[in-house]
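Data from target_28.cif: mmCIF, C-alpha atoms
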data_work
#
loop_
_atom_site.label_atom_id
_atom_site.label_comp_id
_atom_site.auth_asym_id
_atom_site.auth_seq_id
_atom_site.Cartn_x
_atom_site.Cartn_y
_atom_site.Cartn_z
CA MET A 1 -143.76 197.56 75.89
CA LYS A 2 -142.85 193.99 76.75
CA LEU A 3 -139.71 192.43 78.17
CA PHE A 4 -138.80 188.97 76.95
CA GLY A 5 -142.28 188.79 75.43
CA ARG A 6 -143.94 189.34 78.81
CA GLU A 7 -145.54 192.25 80.61
CA PRO A 8 -143.14 194.14 82.92
CA ALA A 9 -145.41 193.54 85.93
CA LEU A 10 -145.01 189.79 85.45
CA ILE A 11 -141.22 190.09 85.34
CA ILE A 12 -141.21 192.25 88.49
CA GLY A 13 -143.49 189.79 90.29
CA ALA A 14 -141.31 186.83 89.33
CA ILE A 15 -138.15 188.56 90.53
CA GLY A 16 -139.84 189.58 93.79
CA SER A 17 -141.04 186.03 94.36
CA LEU A 18 -137.61 184.57 93.70
CA LEU A 19 -135.97 187.03 96.10
CA THR A 20 -138.56 186.26 98.77
CA VAL A 21 -137.81 182.54 98.44
CA LEU A 22 -134.07 183.23 98.71
CA ALA A 23 -134.64 185.35 101.82
CA SER A 24 -136.78 182.63 103.41
CA LEU A 25 -134.00 180.09 102.74
CA ASN A 26 -131.56 182.36 104.63
CA VAL A 27 -129.28 182.87 101.65
CA PRO A 28 -126.36 185.01 102.84
CA GLY A 29 -126.75 188.67 101.89
CA ILE A 30 -130.48 188.50 101.28
CA ASP A 31 -132.87 189.08 104.13
CA ALA A 32 -136.45 190.33 103.94
CA GLY A 33 -135.37 193.99 103.83
CA ALA A 34 -132.78 193.36 101.13
CA ALA A 35 -135.28 191.38 99.06
CA ALA A 36 -137.77 194.25 99.28
CA ALA A 37 -135.12 196.85 98.42
CA ILE A 38 -133.84 194.87 95.42
CA THR A 39 -137.38 194.31 94.18
CA ALA A 40 -138.22 198.01 94.56
CA PHE A 41 -135.07 199.06 92.72
CA LEU A 42 -135.60 196.61 89.85
CA ALA A 43 -139.27 197.58 89.61
CA ALA A 44 -138.36 201.27 89.45
CA CYS A 45 -135.77 200.57 86.74
CA ILE A 46 -138.11 198.44 84.64
CA ILE A 47 -141.00 200.87 84.95
CA ALA A 48 -138.80 203.86 84.08
CA ALA A 49 -137.29 202.05 81.10
CA THR A 50 -140.56 200.82 79.63
CA THR A 51 -142.84 203.83 80.17
CA ARG A 52 -143.46 205.97 77.08
CA PRO A 53 -143.47 208.89 76.75
CA VAL A 54 -140.43 209.22 79.00
CA ALA A 55 -141.35 210.54 82.45
CA PRO A 56 -138.40 212.11 84.31
CA ALA A 57 -140.08 211.63 87.68
CA LEU A 58 -139.81 207.87 87.24
CA PHE A 59 -136.04 208.18 87.06
CA THR A 60 -135.96 210.08 90.33
CA GLY A 61 -137.80 207.05 91.71
CA VAL A 62 -134.90 204.91 90.49
CA VAL A 63 -132.50 207.18 92.40
CA ALA A 64 -134.58 206.93 95.59
CA ALA A 65 -134.92 203.15 95.30
CA GLY A 66 -131.18 202.88 94.64
CA ALA A 67 -130.45 204.90 97.77
CA ALA A 68 -132.71 202.59 99.79
CA LEU A 69 -130.94 199.57 98.32
CA VAL A 70 -127.43 200.72 99.19
CA ALA A 71 -128.66 201.79 102.65
CA GLU A 72 -129.98 198.26 103.18
CA TYR A 73 -126.43 196.99 102.73
CA GLY A 74 -124.97 199.46 105.23
CA MET A 75 -123.95 202.48 103.17
CA ASN A 76 -125.10 205.76 104.67
CA VAL A 77 -126.69 207.92 101.97
CA PRO A 78 -127.72 211.33 103.34
CA ASP A 79 -131.03 212.75 102.16
CA GLY A 80 -129.18 215.72 100.66
CA VAL A 81 -127.14 213.44 98.40
CA THR A 82 -130.24 211.61 97.22
CA GLY A 83 -131.95 214.95 96.56
CA ALA A 84 -128.92 216.30 94.69
CA ILE A 85 -128.70 213.24 92.46
CA SER A 86 -132.45 213.44 91.78
CA ALA A 87 -132.07 217.11 90.86
CA ALA A 88 -129.19 216.28 88.53
CA VAL A 89 -131.30 213.59 86.84
CA LEU A 90 -134.13 216.07 86.32
CA ALA A 91 -131.70 218.70 85.00
CA GLY A 92 -130.24 216.15 82.59
CA PHE A 93 -133.70 215.31 81.29
CA ALA A 94 -134.47 218.99 80.93
CA LEU A 95 -131.29 219.58 78.93
CA PHE A 96 -131.11 216.42 76.86
CA GLY A 97 -134.42 214.62 77.04
CA ILE A 98 -137.48 216.76 77.37
CA ARG A 99 -136.64 220.31 76.25
CA PRO A 100 -135.25 219.41 72.80
CA GLN A 101 -138.69 217.99 71.97
CA VAL A 102 -140.45 221.30 72.69
CA THR A 103 -140.98 223.70 69.81
CA PRO A 104 -140.68 227.38 70.75
CA SER A 105 -143.63 229.69 70.20
CA THR A 106 -143.54 231.60 66.92
CA GLY A 107 -145.23 234.74 68.19
CA PRO A 108 -146.09 236.70 71.28
CA VAL A 109 -148.72 235.33 73.60
CA THR A 110 -151.36 237.78 74.77
CA ALA A 111 -153.53 237.70 77.87
CA ASP A 112 -156.30 235.85 76.02
CA GLY A 113 -153.84 233.16 74.84
CA MET A 114 -153.88 234.24 71.19
#

Let me see whether you can do it: turn the structure in this file into structure tokens.
Amino acid sequence: MKLFGREPALIIGAIGSLLTVLASLNVPGIDAGAAAAITAFLAACIIAATTRPVAPALFTGVVAAGAALVAEYGMNVPDGVTGAISAAVLAGFALFGIRPQVTPSTGPVTADGM
């Protein structure tokens, strides 16, 4: 899948480069750590959005990268909160994303798999 007619890796690299330049110019609010956290969060979002078939674990990566991003700007996000949000994301995918695509078995399964 392409974004704006380009590969997602190219978009991520361009954003990361731009943020690095802004950090090196001492733009207020963007230091090296913030540039890395923003790049990681955007990369996680782009990868999760463009990967098919949908992989729920990629969305837990978005949650973790988001927690790192808000922590970079001074908000304390306990590990338990990050874990709980990740668990909720996985549960949501199980309920609404992944499980509805699975067809139940039509008969009993024996020890030999038949």

*Expand the PyMOL selection byres ((chain A and resi 90) around 12) into the individual residues it matches in the shown file, reporting them as a PyMOL selection string.*
chain A and resi 54-63+83-89+91-99

*So which residues touch Gly66 of chain A within 12 Å, counting only C-alpha atoms, skipping near sequence neighbours fewer than 2 positions away, as an NGL selection string?*
:A and (34 or 36-45 or 59-64 or 68-73 or 75 or 77 or 81-82 or 85-86)

*What is the atom CA of Ile11 of chain A to atom CA of Ile46 of chain A distance in Å?*
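Taking atom CA of Ile11 of chain A and atom CA of Ile46 of chain A, their separation equals 8.9 Å.
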
*atom CA of Thr20 of chain A to atom CA of Ala35 of chain A, straight-line distance in Å*: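 Atom CA of Thr20 of chain A lies at a distance of 6.1 Å from atom CA of Ala35 of chain A.
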
_Between atom CA of Val21 of chain A and atom CA of Arg6 of chain A, what distance in Å does the model show, to one decimal?_
21.7 Å

*Explicit residue set for the PyMOL selection byres ((chain A and resi 50) around 8), as a VMD selection string*: chain A and resid 1 to 2 8 46 to 49 51 to 52
